[in-house]
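Asker: Dropping in query37.txt, with compact mmCIF, N, CA and C atoms.
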# COMPACT_ATOMS: atom_id res chain seq x y z
N ASP A 722 -7.81 -50.84 -4.71
CA ASP A 722 -7.58 -49.49 -4.24
C ASP A 722 -8.89 -48.79 -3.88
N ALA A 723 -9.89 -48.93 -4.77
CA ALA A 723 -11.17 -48.27 -4.54
C ALA A 723 -11.82 -48.77 -3.26
N SER A 724 -11.78 -50.07 -3.06
CA SER A 724 -12.39 -50.66 -1.86
C SER A 724 -11.70 -50.18 -0.58
N ASP A 725 -10.37 -50.18 -0.58
CA ASP A 725 -9.63 -49.71 0.59
C ASP A 725 -9.90 -48.23 0.86
N SER A 726 -9.96 -47.44 -0.21
CA SER A 726 -10.24 -46.01 -0.05
C SER A 726 -11.65 -45.77 0.46
N LEU A 727 -12.60 -46.56 -0.03
CA LEU A 727 -13.98 -46.43 0.45
C LEU A 727 -14.07 -46.80 1.92
N THR A 728 -13.34 -47.80 2.32
CA THR A 728 -13.33 -48.19 3.74
C THR A 728 -12.78 -47.06 4.60
N ARG A 729 -11.68 -46.45 4.17
CA ARG A 729 -11.11 -45.32 4.93
C ARG A 729 -12.07 -44.14 4.96
N LEU A 730 -12.65 -43.80 3.81
CA LEU A 730 -13.63 -42.71 3.75
C LEU A 730 -14.81 -43.00 4.68
N SER A 731 -15.29 -44.21 4.66
CA SER A 731 -16.44 -44.60 5.50
C SER A 731 -16.13 -44.46 6.98
N ARG A 732 -14.94 -44.85 7.37
CA ARG A 732 -14.54 -44.73 8.79
C ARG A 732 -14.52 -43.28 9.24
N VAL A 733 -13.95 -42.41 8.41
CA VAL A 733 -13.89 -40.98 8.76
C VAL A 733 -15.29 -40.38 8.76
N PHE A 734 -16.10 -40.75 7.79
CA PHE A 734 -17.48 -40.28 7.72
C PHE A 734 -18.24 -40.68 8.99
N GLU A 735 -18.13 -41.93 9.38
CA GLU A 735 -18.85 -42.40 10.57
C GLU A 735 -18.36 -41.69 11.83
N LYS A 736 -17.09 -41.43 11.91
CA LYS A 736 -16.56 -40.69 13.06
C LYS A 736 -17.13 -39.27 13.09
N GLU A 737 -17.25 -38.66 11.91
CA GLU A 737 -17.77 -37.29 11.79
C GLU A 737 -19.26 -37.20 12.12
N PHE A 738 -20.05 -38.17 11.64
CA PHE A 738 -21.51 -38.07 11.74
C PHE A 738 -22.15 -39.07 12.70
N GLY A 739 -21.38 -40.00 13.20
CA GLY A 739 -21.95 -40.97 14.13
C GLY A 739 -22.87 -41.98 13.46
N ARG A 740 -22.78 -42.11 12.16
CA ARG A 740 -23.55 -43.11 11.43
C ARG A 740 -22.75 -43.54 10.22
N PRO A 741 -23.00 -44.74 9.75
CA PRO A 741 -22.20 -45.24 8.63
C PRO A 741 -22.56 -44.57 7.31
N LEU A 742 -21.62 -44.59 6.41
CA LEU A 742 -21.84 -44.18 5.04
C LEU A 742 -22.51 -45.37 4.35
N VAL A 743 -23.74 -45.18 3.92
CA VAL A 743 -24.53 -46.29 3.38
C VAL A 743 -24.43 -46.30 1.86
N VAL A 744 -23.88 -47.38 1.33
CA VAL A 744 -23.80 -47.57 -0.12
C VAL A 744 -25.01 -48.39 -0.54
N VAL A 745 -25.86 -47.81 -1.39
CA VAL A 745 -27.08 -48.50 -1.83
C VAL A 745 -26.90 -49.17 -3.18
N SER A 746 -25.83 -48.80 -3.88
CA SER A 746 -25.56 -49.43 -5.16
C SER A 746 -24.08 -49.31 -5.46
N GLY A 747 -23.52 -50.37 -5.98
CA GLY A 747 -22.12 -50.38 -6.38
C GLY A 747 -22.02 -50.93 -7.79
N TYR A 748 -21.32 -52.04 -7.93
CA TYR A 748 -21.18 -52.65 -9.25
C TYR A 748 -22.55 -53.07 -9.79
N ARG A 749 -22.77 -52.79 -11.05
CA ARG A 749 -23.97 -53.25 -11.75
C ARG A 749 -23.55 -53.87 -13.08
N SER A 750 -24.06 -55.02 -13.36
CA SER A 750 -23.80 -55.63 -14.65
C SER A 750 -24.65 -54.93 -15.72
N ALA A 751 -24.31 -55.17 -16.98
CA ALA A 751 -25.11 -54.61 -18.07
C ALA A 751 -26.52 -55.16 -18.03
N ASN A 752 -26.67 -56.42 -17.65
CA ASN A 752 -28.00 -57.02 -17.55
C ASN A 752 -28.84 -56.33 -16.48
N TYR A 753 -28.22 -56.04 -15.34
CA TYR A 753 -28.93 -55.34 -14.27
C TYR A 753 -29.33 -53.94 -14.73
N GLN A 754 -28.41 -53.25 -15.40
CA GLN A 754 -28.71 -51.90 -15.90
C GLN A 754 -29.86 -51.96 -16.91
N GLN A 755 -29.88 -52.99 -17.74
CA GLN A 755 -30.96 -53.17 -18.72
C GLN A 755 -32.29 -53.36 -18.01
N ARG A 756 -32.29 -54.13 -16.91
CA ARG A 756 -33.54 -54.32 -16.14
C ARG A 756 -34.05 -52.99 -15.58
N LEU A 757 -33.14 -52.13 -15.13
CA LEU A 757 -33.56 -50.81 -14.64
C LEU A 757 -34.27 -50.04 -15.75
N TRP A 758 -33.72 -50.11 -16.94
CA TRP A 758 -34.35 -49.44 -18.09
C TRP A 758 -35.68 -50.09 -18.43
N ASP A 759 -35.71 -51.42 -18.44
CA ASP A 759 -36.94 -52.14 -18.79
C ASP A 759 -38.07 -51.85 -17.80
N LEU A 760 -37.71 -51.65 -16.53
CA LEU A 760 -38.71 -51.36 -15.50
C LEU A 760 -39.12 -49.89 -15.47
N GLY A 761 -38.51 -49.08 -16.31
CA GLY A 761 -38.85 -47.66 -16.36
C GLY A 761 -38.23 -46.84 -15.26
N ARG A 762 -37.20 -47.36 -14.59
CA ARG A 762 -36.55 -46.62 -13.52
C ARG A 762 -35.47 -45.67 -14.02
N CYS A 763 -35.22 -45.70 -15.32
CA CYS A 763 -34.18 -44.86 -15.90
C CYS A 763 -34.78 -43.97 -16.98
N THR A 764 -34.17 -42.81 -17.10
CA THR A 764 -34.45 -41.92 -18.23
C THR A 764 -33.11 -41.61 -18.89
N ASP A 765 -33.16 -41.02 -20.05
CA ASP A 765 -31.92 -40.70 -20.76
C ASP A 765 -31.01 -39.78 -19.96
N THR A 766 -31.58 -38.93 -19.12
CA THR A 766 -30.76 -37.98 -18.37
C THR A 766 -30.52 -38.38 -16.93
N LEU A 767 -31.09 -39.51 -16.50
CA LEU A 767 -30.91 -39.91 -15.10
C LEU A 767 -29.98 -41.09 -14.93
N CYS A 768 -29.96 -42.02 -15.85
CA CYS A 768 -28.98 -43.09 -15.72
C CYS A 768 -28.55 -43.59 -17.10
N ALA A 769 -27.35 -44.09 -17.10
CA ALA A 769 -26.75 -44.52 -18.36
C ALA A 769 -27.38 -45.81 -18.86
N PRO A 770 -27.41 -45.96 -20.17
CA PRO A 770 -27.89 -47.22 -20.72
C PRO A 770 -26.87 -48.33 -20.45
N PRO A 771 -27.29 -49.57 -20.59
CA PRO A 771 -26.36 -50.69 -20.42
C PRO A 771 -25.11 -50.49 -21.28
N TRP A 772 -23.99 -50.87 -20.74
CA TRP A 772 -22.66 -50.77 -21.37
C TRP A 772 -22.07 -49.37 -21.30
N PHE A 773 -22.79 -48.41 -20.71
CA PHE A 773 -22.27 -47.05 -20.60
C PHE A 773 -22.26 -46.54 -19.16
N SER A 774 -22.63 -47.37 -18.21
CA SER A 774 -22.74 -46.95 -16.81
C SER A 774 -21.38 -47.01 -16.11
N GLU A 775 -21.09 -45.98 -15.32
CA GLU A 775 -19.88 -46.00 -14.50
C GLU A 775 -19.93 -47.15 -13.50
N HIS A 776 -21.12 -47.59 -13.14
CA HIS A 776 -21.26 -48.70 -12.20
C HIS A 776 -20.67 -49.99 -12.76
N GLN A 777 -20.69 -50.15 -14.07
CA GLN A 777 -20.14 -51.36 -14.68
C GLN A 777 -18.63 -51.44 -14.53
N LEU A 778 -17.99 -50.32 -14.27
CA LEU A 778 -16.55 -50.31 -14.04
C LEU A 778 -16.19 -50.89 -12.67
N GLY A 779 -17.18 -50.92 -11.77
CA GLY A 779 -16.90 -51.35 -10.41
C GLY A 779 -16.25 -50.26 -9.58
N LEU A 780 -16.29 -49.02 -10.06
CA LEU A 780 -15.65 -47.91 -9.38
C LEU A 780 -16.64 -46.85 -8.89
N ALA A 781 -17.92 -47.04 -9.19
CA ALA A 781 -18.92 -46.05 -8.81
C ALA A 781 -19.83 -46.59 -7.71
N ILE A 782 -20.26 -45.68 -6.86
CA ILE A 782 -21.20 -46.03 -5.79
C ILE A 782 -22.31 -44.99 -5.74
N ASP A 783 -23.46 -45.42 -5.30
CA ASP A 783 -24.56 -44.52 -4.95
C ASP A 783 -24.71 -44.62 -3.44
N ILE A 784 -24.81 -43.45 -2.79
CA ILE A 784 -24.89 -43.46 -1.34
C ILE A 784 -26.25 -42.99 -0.85
N PHE A 785 -26.70 -43.64 0.19
CA PHE A 785 -27.93 -43.38 0.92
C PHE A 785 -29.19 -43.61 0.11
N GLU A 786 -29.37 -42.88 -0.97
CA GLU A 786 -30.63 -42.98 -1.70
C GLU A 786 -30.45 -42.31 -3.05
N ALA A 787 -30.93 -42.96 -4.08
CA ALA A 787 -30.92 -42.34 -5.40
C ALA A 787 -32.34 -41.87 -5.69
N THR A 788 -32.49 -40.60 -5.93
CA THR A 788 -33.81 -40.01 -6.10
C THR A 788 -33.67 -38.85 -7.09
N THR A 789 -34.15 -37.70 -6.75
CA THR A 789 -33.89 -36.50 -7.55
C THR A 789 -32.99 -35.60 -6.72
N GLU A 790 -32.31 -34.68 -7.38
CA GLU A 790 -31.44 -33.77 -6.65
C GLU A 790 -32.26 -32.98 -5.63
N LYS A 791 -33.43 -32.50 -6.02
CA LYS A 791 -34.28 -31.70 -5.13
C LYS A 791 -34.68 -32.50 -3.88
N ASP A 792 -35.15 -33.73 -4.08
CA ASP A 792 -35.54 -34.56 -2.93
C ASP A 792 -34.34 -34.90 -2.06
N TYR A 793 -33.23 -35.19 -2.70
CA TYR A 793 -32.02 -35.55 -1.96
C TYR A 793 -31.58 -34.39 -1.06
N LEU A 794 -31.54 -33.20 -1.64
CA LEU A 794 -31.06 -32.04 -0.88
C LEU A 794 -32.09 -31.52 0.11
N ALA A 795 -33.35 -31.89 -0.07
CA ALA A 795 -34.39 -31.50 0.89
C ALA A 795 -34.20 -32.26 2.21
N ASN A 796 -33.54 -33.39 2.16
CA ASN A 796 -33.22 -34.15 3.36
C ASN A 796 -32.01 -33.47 4.01
N ARG A 797 -32.22 -32.85 5.15
CA ARG A 797 -31.16 -32.07 5.80
C ARG A 797 -29.90 -32.90 6.05
N ALA A 798 -30.08 -34.13 6.49
CA ALA A 798 -28.92 -34.98 6.76
C ALA A 798 -28.14 -35.23 5.47
N PHE A 799 -28.84 -35.57 4.40
CA PHE A 799 -28.16 -35.84 3.13
C PHE A 799 -27.43 -34.59 2.64
N ALA A 800 -28.05 -33.43 2.80
CA ALA A 800 -27.41 -32.18 2.39
C ALA A 800 -26.12 -31.95 3.18
N ARG A 801 -26.16 -32.22 4.48
CA ARG A 801 -24.95 -32.09 5.32
C ARG A 801 -23.89 -33.08 4.87
N TYR A 802 -24.29 -34.32 4.59
CA TYR A 802 -23.34 -35.33 4.13
C TYR A 802 -22.70 -34.91 2.82
N LEU A 803 -23.53 -34.39 1.91
CA LEU A 803 -23.02 -33.98 0.61
C LEU A 803 -22.00 -32.85 0.77
N ASN A 804 -22.31 -31.87 1.59
CA ASN A 804 -21.36 -30.78 1.83
C ASN A 804 -20.03 -31.30 2.35
N TRP A 805 -20.10 -32.24 3.28
CA TRP A 805 -18.88 -32.82 3.84
C TRP A 805 -18.13 -33.60 2.78
N LEU A 806 -18.84 -34.41 2.01
CA LEU A 806 -18.20 -35.21 0.96
C LEU A 806 -17.56 -34.32 -0.11
N GLU A 807 -18.23 -33.23 -0.45
CA GLU A 807 -17.66 -32.31 -1.44
C GLU A 807 -16.31 -31.77 -1.00
N GLU A 808 -16.11 -31.64 0.29
CA GLU A 808 -14.85 -31.12 0.82
C GLU A 808 -13.82 -32.20 1.13
N HIS A 809 -14.26 -33.43 1.35
CA HIS A 809 -13.33 -34.46 1.83
C HIS A 809 -13.17 -35.69 0.95
N ALA A 810 -14.14 -36.01 0.13
CA ALA A 810 -14.10 -37.28 -0.63
C ALA A 810 -12.88 -37.38 -1.53
N HIS A 811 -12.45 -36.25 -2.09
CA HIS A 811 -11.28 -36.29 -2.99
C HIS A 811 -10.03 -36.77 -2.27
N LEU A 812 -9.95 -36.54 -0.96
CA LEU A 812 -8.80 -37.00 -0.18
C LEU A 812 -8.71 -38.52 -0.14
N TYR A 813 -9.80 -39.17 -0.52
CA TYR A 813 -9.87 -40.64 -0.56
C TYR A 813 -10.04 -41.15 -1.99
N GLY A 814 -9.94 -40.23 -2.95
CA GLY A 814 -9.98 -40.60 -4.35
C GLY A 814 -11.35 -40.61 -4.99
N PHE A 815 -12.38 -40.11 -4.29
CA PHE A 815 -13.73 -40.13 -4.84
C PHE A 815 -14.15 -38.76 -5.35
N HIS A 816 -14.96 -38.81 -6.41
CA HIS A 816 -15.41 -37.60 -7.10
C HIS A 816 -16.88 -37.75 -7.46
N GLN A 817 -17.66 -36.70 -7.24
CA GLN A 817 -19.07 -36.72 -7.64
C GLN A 817 -19.13 -36.53 -9.15
N SER A 818 -19.57 -37.55 -9.84
CA SER A 818 -19.50 -37.55 -11.31
C SER A 818 -20.40 -36.51 -11.96
N TYR A 819 -21.63 -36.42 -11.51
CA TYR A 819 -22.63 -35.62 -12.23
C TYR A 819 -23.06 -34.44 -11.37
N GLN A 820 -22.45 -33.29 -11.64
CA GLN A 820 -22.66 -32.09 -10.84
C GLN A 820 -23.24 -30.92 -11.62
N LYS A 821 -23.10 -30.95 -12.94
CA LYS A 821 -23.38 -29.75 -13.72
C LYS A 821 -24.42 -29.97 -14.81
N TRP A 822 -25.35 -30.82 -14.53
CA TRP A 822 -26.49 -31.04 -15.40
C TRP A 822 -26.11 -31.59 -16.77
N GLU A 823 -27.14 -31.79 -17.57
CA GLU A 823 -26.97 -32.42 -18.88
C GLU A 823 -26.07 -31.62 -19.81
N ARG A 824 -26.09 -30.31 -19.71
CA ARG A 824 -25.32 -29.49 -20.65
C ARG A 824 -23.82 -29.76 -20.54
N VAL A 825 -23.38 -30.22 -19.41
CA VAL A 825 -21.95 -30.52 -19.21
C VAL A 825 -21.71 -32.03 -19.07
N ASP A 826 -22.46 -32.66 -18.18
CA ASP A 826 -22.19 -34.05 -17.82
C ASP A 826 -23.09 -35.08 -18.52
N ALA A 827 -24.05 -34.60 -19.30
CA ALA A 827 -24.99 -35.46 -20.05
C ALA A 827 -26.05 -36.12 -19.17
N TYR A 828 -26.02 -35.86 -17.88
CA TYR A 828 -27.00 -36.43 -16.96
C TYR A 828 -27.45 -35.37 -15.96
N GLU A 829 -28.58 -35.66 -15.32
CA GLU A 829 -29.04 -34.80 -14.24
C GLU A 829 -28.01 -34.84 -13.10
N VAL A 830 -28.07 -33.84 -12.25
CA VAL A 830 -27.19 -33.81 -11.08
C VAL A 830 -27.55 -35.00 -10.19
N GLU A 831 -26.54 -35.74 -9.78
CA GLU A 831 -26.73 -36.91 -8.91
C GLU A 831 -25.82 -36.78 -7.68
N PRO A 832 -26.33 -36.12 -6.63
CA PRO A 832 -25.49 -35.92 -5.44
C PRO A 832 -25.09 -37.22 -4.75
N TRP A 833 -25.78 -38.28 -5.04
CA TRP A 833 -25.53 -39.57 -4.41
C TRP A 833 -24.50 -40.41 -5.15
N HIS A 834 -24.11 -40.00 -6.36
CA HIS A 834 -23.26 -40.82 -7.23
C HIS A 834 -21.81 -40.35 -7.15
N TRP A 835 -20.94 -41.25 -6.71
CA TRP A 835 -19.52 -40.94 -6.55
C TRP A 835 -18.70 -42.02 -7.24
N ARG A 836 -17.63 -41.60 -7.88
CA ARG A 836 -16.76 -42.52 -8.62
C ARG A 836 -15.35 -42.41 -8.09
N TYR A 837 -14.72 -43.56 -7.96
CA TYR A 837 -13.32 -43.59 -7.56
C TYR A 837 -12.44 -43.27 -8.76
N LEU A 838 -11.58 -42.24 -8.60
CA LEU A 838 -10.64 -41.85 -9.65
C LEU A 838 -9.19 -41.88 -9.17
N GLY A 839 -9.01 -42.13 -7.89
CA GLY A 839 -7.68 -42.01 -7.29
C GLY A 839 -7.51 -40.63 -6.69
N VAL A 840 -6.68 -40.55 -5.67
CA VAL A 840 -6.52 -39.31 -4.91
C VAL A 840 -5.99 -38.18 -5.80
N SER A 841 -5.02 -38.46 -6.62
CA SER A 841 -4.40 -37.41 -7.43
C SER A 841 -5.41 -36.75 -8.38
N LEU A 842 -6.11 -37.55 -9.17
CA LEU A 842 -7.06 -36.98 -10.12
C LEU A 842 -8.27 -36.38 -9.42
N ALA A 843 -8.79 -37.06 -8.40
CA ALA A 843 -9.95 -36.51 -7.68
C ALA A 843 -9.61 -35.17 -7.04
N THR A 844 -8.41 -35.05 -6.50
CA THR A 844 -7.99 -33.79 -5.89
C THR A 844 -7.79 -32.71 -6.94
N GLU A 845 -7.23 -33.09 -8.09
CA GLU A 845 -7.07 -32.11 -9.17
C GLU A 845 -8.44 -31.59 -9.63
N LEU A 846 -9.41 -32.47 -9.80
CA LEU A 846 -10.76 -32.05 -10.21
C LEU A 846 -11.40 -31.18 -9.15
N HIS A 847 -11.20 -31.53 -7.89
CA HIS A 847 -11.73 -30.72 -6.79
C HIS A 847 -11.13 -29.31 -6.84
N THR A 848 -9.83 -29.23 -7.01
CA THR A 848 -9.14 -27.94 -7.06
C THR A 848 -9.59 -27.11 -8.25
N LEU A 849 -9.77 -27.75 -9.39
CA LEU A 849 -10.17 -27.06 -10.61
C LEU A 849 -11.67 -26.82 -10.71
N ASN A 850 -12.43 -27.41 -9.77
CA ASN A 850 -13.90 -27.35 -9.81
C ASN A 850 -14.42 -27.85 -11.16
N MET A 851 -13.89 -28.98 -11.58
CA MET A 851 -14.28 -29.60 -12.84
C MET A 851 -14.91 -30.96 -12.57
N THR A 852 -15.82 -31.32 -13.45
CA THR A 852 -16.30 -32.70 -13.41
C THR A 852 -15.35 -33.54 -14.26
N TYR A 853 -15.46 -34.85 -14.11
CA TYR A 853 -14.61 -35.74 -14.89
C TYR A 853 -14.89 -35.56 -16.39
N THR A 854 -16.14 -35.35 -16.74
CA THR A 854 -16.51 -35.11 -18.13
C THR A 854 -15.80 -33.88 -18.68
N GLU A 855 -15.82 -32.79 -17.92
CA GLU A 855 -15.13 -31.57 -18.35
C GLU A 855 -13.63 -31.81 -18.51
N TYR A 856 -13.08 -32.56 -17.57
CA TYR A 856 -11.65 -32.84 -17.60
C TYR A 856 -11.26 -33.63 -18.86
N ILE A 857 -12.04 -34.66 -19.16
CA ILE A 857 -11.76 -35.48 -20.35
C ILE A 857 -11.86 -34.61 -21.61
N GLU A 858 -12.88 -33.78 -21.68
CA GLU A 858 -13.02 -32.89 -22.85
C GLU A 858 -11.87 -31.89 -22.93
N PHE A 859 -11.48 -31.34 -21.79
CA PHE A 859 -10.37 -30.40 -21.74
C PHE A 859 -9.08 -31.07 -22.20
N GLU A 860 -8.81 -32.26 -21.69
CA GLU A 860 -7.60 -32.99 -22.07
C GLU A 860 -7.61 -33.35 -23.55
N SER A 861 -8.77 -33.72 -24.07
CA SER A 861 -8.88 -34.04 -25.50
C SER A 861 -8.56 -32.82 -26.35
N MET A 862 -9.12 -31.69 -25.96
CA MET A 862 -8.86 -30.46 -26.72
C MET A 862 -7.39 -30.03 -26.60
N ARG A 863 -6.84 -30.16 -25.41
CA ARG A 863 -5.45 -29.80 -25.22
C ARG A 863 -4.54 -30.67 -26.10
N LYS A 864 -4.80 -31.96 -26.13
CA LYS A 864 -4.00 -32.86 -26.97
C LYS A 864 -4.20 -32.54 -28.45
N PHE A 865 -5.43 -32.24 -28.83
CA PHE A 865 -5.71 -31.89 -30.22
C PHE A 865 -4.91 -30.67 -30.64
N TRP A 866 -4.96 -29.60 -29.82
CA TRP A 866 -4.29 -28.36 -30.18
C TRP A 866 -2.77 -28.49 -30.10
N ASN A 867 -2.29 -29.38 -29.28
CA ASN A 867 -0.84 -29.61 -29.24
C ASN A 867 -0.33 -30.31 -30.50
N LEU A 868 -1.25 -30.92 -31.25
CA LEU A 868 -0.85 -31.56 -32.49
C LEU A 868 -0.59 -30.54 -33.59
N TYR A 869 -1.16 -29.35 -33.45
CA TYR A 869 -1.06 -28.36 -34.52
C TYR A 869 -0.29 -27.14 -34.12
How does the structure come out when it is put into structure tokens?

Answerer:
Amino acid sequence: DASDSLTRLSRVFEKEFGRPLVVVSGYRSANYQQRLWDLGRCTDTLCAPPWFSEHQLGLAIDIFEATTEKDYLANRAFARYLNWLEEHAHLYGFHQSYQKWERVDAYEVEPWHWRYLGVSLATELHTLNMTYTEYIEFESMRKFWNLY
């Protein structure tokens, strides 16, 4: 499902911008994630440790370039792409995982990182302006309070 949805999203993106949606990272094994840590390319707030990365699920992608939020958004094209994706990616089941900094999502903002959640959940999160982390916490609290 994720692959088919990414293909559809990519086609619409290319039609809109006249260039392909470039995926620079997709599935990562725990060993690969460990190498990123060993090489010093990761920090506690920038990427997950091995066994905790959304990339290991095979449902997350990084697009164009993984850098810092400031550098990413300084690139006018990337900023335009992000604005478009924020409005349209949910229609294809994709959601930007890390939008609200460490205080909410446990990681820095990563405009390049998108996770497939399915159209229904991605659209619900888009409508609620929630990250997946917030949603999981909200659902946990709701279930907890429904017990009492």

Asker: Neighbouring residues of stretch 829-831 of chain A were defined as those with any atom within 8 Å, considering only N, CA and C atoms; residues of the same chain fewer than 4 positions away were excluded. Please report them as a PDB file with N, CA and C atoms, in the frame of the given file.

Answerer:
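Final output, part01.pdb:
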ATOM      1  N   ASP A 765     -33.160 -41.020 -20.050  1.00  0.00           N
ATOM      2  CA  ASP A 765     -31.920 -40.700 -20.760  1.00  0.00           C
ATOM      3  C   ASP A 765     -31.010 -39.780 -19.960  1.00  0.00           C
ATOM      4  N   THR A 766     -31.580 -38.930 -19.120  1.00  0.00           N
ATOM      5  CA  THR A 766     -30.760 -37.980 -18.370  1.00  0.00           C
ATOM      6  C   THR A 766     -30.520 -38.380 -16.930  1.00  0.00           C
ATOM      7  N   LEU A 767     -31.090 -39.510 -16.500  1.00  0.00           N
ATOM      8  CA  LEU A 767     -30.910 -39.910 -15.100  1.00  0.00           C
ATOM      9  C   LEU A 767     -29.980 -41.090 -14.930  1.00  0.00           C
ATOM     10  N   CYS A 768     -29.960 -42.020 -15.850  1.00  0.00           N
ATOM     11  CA  CYS A 768     -28.980 -43.090 -15.720  1.00  0.00           C
ATOM     12  C   CYS A 768     -28.550 -43.590 -17.100  1.00  0.00           C
ATOM     13  N   ALA A 787     -30.930 -42.960  -4.080  1.00  0.00           N
ATOM     14  CA  ALA A 787     -30.920 -42.340  -5.400  1.00  0.00           C
ATOM     15  C   ALA A 787     -32.340 -41.870  -5.690  1.00  0.00           C
ATOM     16  N   THR A 788     -32.490 -40.600  -5.930  1.00  0.00           N
ATOM     17  CA  THR A 788     -33.810 -40.010  -6.100  1.00  0.00           C
ATOM     18  C   THR A 788     -33.670 -38.850  -7.090  1.00  0.00           C
ATOM     19  N   THR A 789     -34.150 -37.700  -6.750  1.00  0.00           N
ATOM     20  CA  THR A 789     -33.890 -36.500  -7.550  1.00  0.00           C
ATOM     21  C   THR A 789     -32.990 -35.600  -6.720  1.00  0.00           C
ATOM     22  N   GLU A 790     -32.310 -34.680  -7.380  1.00  0.00           N
ATOM     23  CA  GLU A 790     -31.440 -33.770  -6.650  1.00  0.00           C
ATOM     24  C   GLU A 790     -32.260 -32.980  -5.630  1.00  0.00           C
ATOM     25  N   LYS A 791     -33.430 -32.500  -6.020  1.00  0.00           N
ATOM     26  CA  LYS A 791     -34.280 -31.700  -5.130  1.00  0.00           C
ATOM     27  C   LYS A 791     -34.680 -32.500  -3.880  1.00  0.00           C
ATOM     28  N   GLN A 817     -17.660 -36.700  -7.240  1.00  0.00           N
ATOM     29  CA  GLN A 817     -19.070 -36.720  -7.640  1.00  0.00           C
ATOM     30  C   GLN A 817     -19.130 -36.530  -9.150  1.00  0.00           C
ATOM     31  N   SER A 818     -19.570 -37.550  -9.840  1.00  0.00           N
ATOM     32  CA  SER A 818     -19.500 -37.550 -11.310  1.00  0.00           C
ATOM     33  C   SER A 818     -20.400 -36.510 -11.960  1.00  0.00           C
ATOM     34  N   TYR A 819     -21.630 -36.420 -11.510  1.00  0.00           N
ATOM     35  CA  TYR A 819     -22.630 -35.620 -12.230  1.00  0.00           C
ATOM     36  C   TYR A 819     -23.060 -34.440 -11.370  1.00  0.00           C
ATOM     37  N   GLN A 820     -22.450 -33.290 -11.640  1.00  0.00           N
ATOM     38  CA  GLN A 820     -22.660 -32.090 -10.840  1.00  0.00           C
ATOM     39  C   GLN A 820     -23.240 -30.920 -11.620  1.00  0.00           C
ATOM     40  N   LYS A 821     -23.100 -30.950 -12.940  1.00  0.00           N
ATOM     41  CA  LYS A 821     -23.380 -29.750 -13.720  1.00  0.00           C
ATOM     42  C   LYS A 821     -24.420 -29.970 -14.810  1.00  0.00           C
ATOM     43  N   TRP A 822     -25.350 -30.820 -14.530  1.00  0.00           N
ATOM     44  CA  TRP A 822     -26.490 -31.040 -15.400  1.00  0.00           C
ATOM     45  C   TRP A 822     -26.110 -31.590 -16.770  1.00  0.00           C
ATOM     46  N   GLU A 823     -27.140 -31.790 -17.570  1.00  0.00           N
ATOM     47  CA  GLU A 823     -26.970 -32.420 -18.880  1.00  0.00           C
ATOM     48  C   GLU A 823     -26.070 -31.620 -19.810  1.00  0.00           C
ATOM     49  N   ARG A 824     -26.090 -30.310 -19.710  1.00  0.00           N
ATOM     50  CA  ARG A 824     -25.320 -29.490 -20.650  1.00  0.00           C
ATOM     51  C   ARG A 824     -23.820 -29.760 -20.540  1.00  0.00           C
ATOM     52  N   TRP A 835     -20.940 -41.250  -6.710  1.00  0.00           N
ATOM     53  CA  TRP A 835     -19.520 -40.940  -6.550  1.00  0.00           C
ATOM     54  C   TRP A 835     -18.700 -42.020  -7.240  1.00  0.00           C
TER      55      TRP A 835
END

Asker: What is the distance between atom CA of A:Tyr753 and atom CA of A:Leu778, in Å to one decimal?

Answerer: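 Those two atoms sit 13.4 Å apart.
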
Asker: Write out as a VMD selection string each polymer residue whose atoms come within 8 Å of A:Phe785, counting all atoms listed in the file; drop sequence neighbours fewer than 4 positions from it.

Answerer: chain A and resid 742 to 746 799 833 to 834

Asker: Rounded to one decimal in Å, what is the spacing between atom CA of A:Asp792 and atom CA of A:Glu807?

Answerer: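 Interatomic distance here is 18.1 Å.
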
Asker: Using only C-alpha atoms, which of the listed residues (A:Cys763, A:Leu780, A:Leu730, A:Val825) sits closest to A:Thr854?

Answerer: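 Counting only C-alpha atoms, the residue closest to A:Thr854 is A:Val825.
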
Asker: Just give me the gap between atom CA of A:Ala795 and atom CA of A:Pro832 in Å, one decimal is fine.

Answerer: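 Straight-line distance from atom CA of A:Ala795 to atom CA of A:Pro832 works out to 11.8 Å.
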
Asker: Using all atoms listed in the file, which residues sit within 8 Å of A:Asp722 once same-chain residues fewer than 6 positions away are excluded, as a list of chain:residue names?

Answerer: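 Answer for this query is A:Thr728, A:Tyr813, A:Tyr837, A:Gly839.
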
Asker: Considering only helix (DSSP H, G or I) as DSSP defines it on the backbone, what residues of chain A qualify? List them as a PyMOL selection string.

Answerer: chain A and resi 723-738+751-759+775-778+790-795+797-813+822-826+840-849+853-867

Asker: Quick one: residues within 6.5 Å of stretch 840-846 of chain A, all atoms listed in the file counted, chain neighbours fewer than 6 positions away excluded, as a ChimeraX atom specification?

Answerer: /A:811-816,852

Asker: At most 9 Å from (-17.3, -39.8, 4.2), file frame, only C-alpha atoms: which residues, as a list in words?

Answerer: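 Here the neighbourhood of the point contains Leu727, Arg729, Leu730, Ser731, Arg732, Val733, Phe734, Glu735, Lys736, Glu737, Phe738, Pro741, Leu742, Tyr802, Leu803, Trp805, Leu806, His809, Ala810 and Tyr813 of chain A.
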
Asker: Quick one: of A:Tyr828, A:Tyr748, A:Ala800, A:Asp783, who's nearest to A:Thr764, counting only C-alpha atoms?

Answerer: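 Looking at the shortest contact to A:Thr764, the residue is A:Tyr828.
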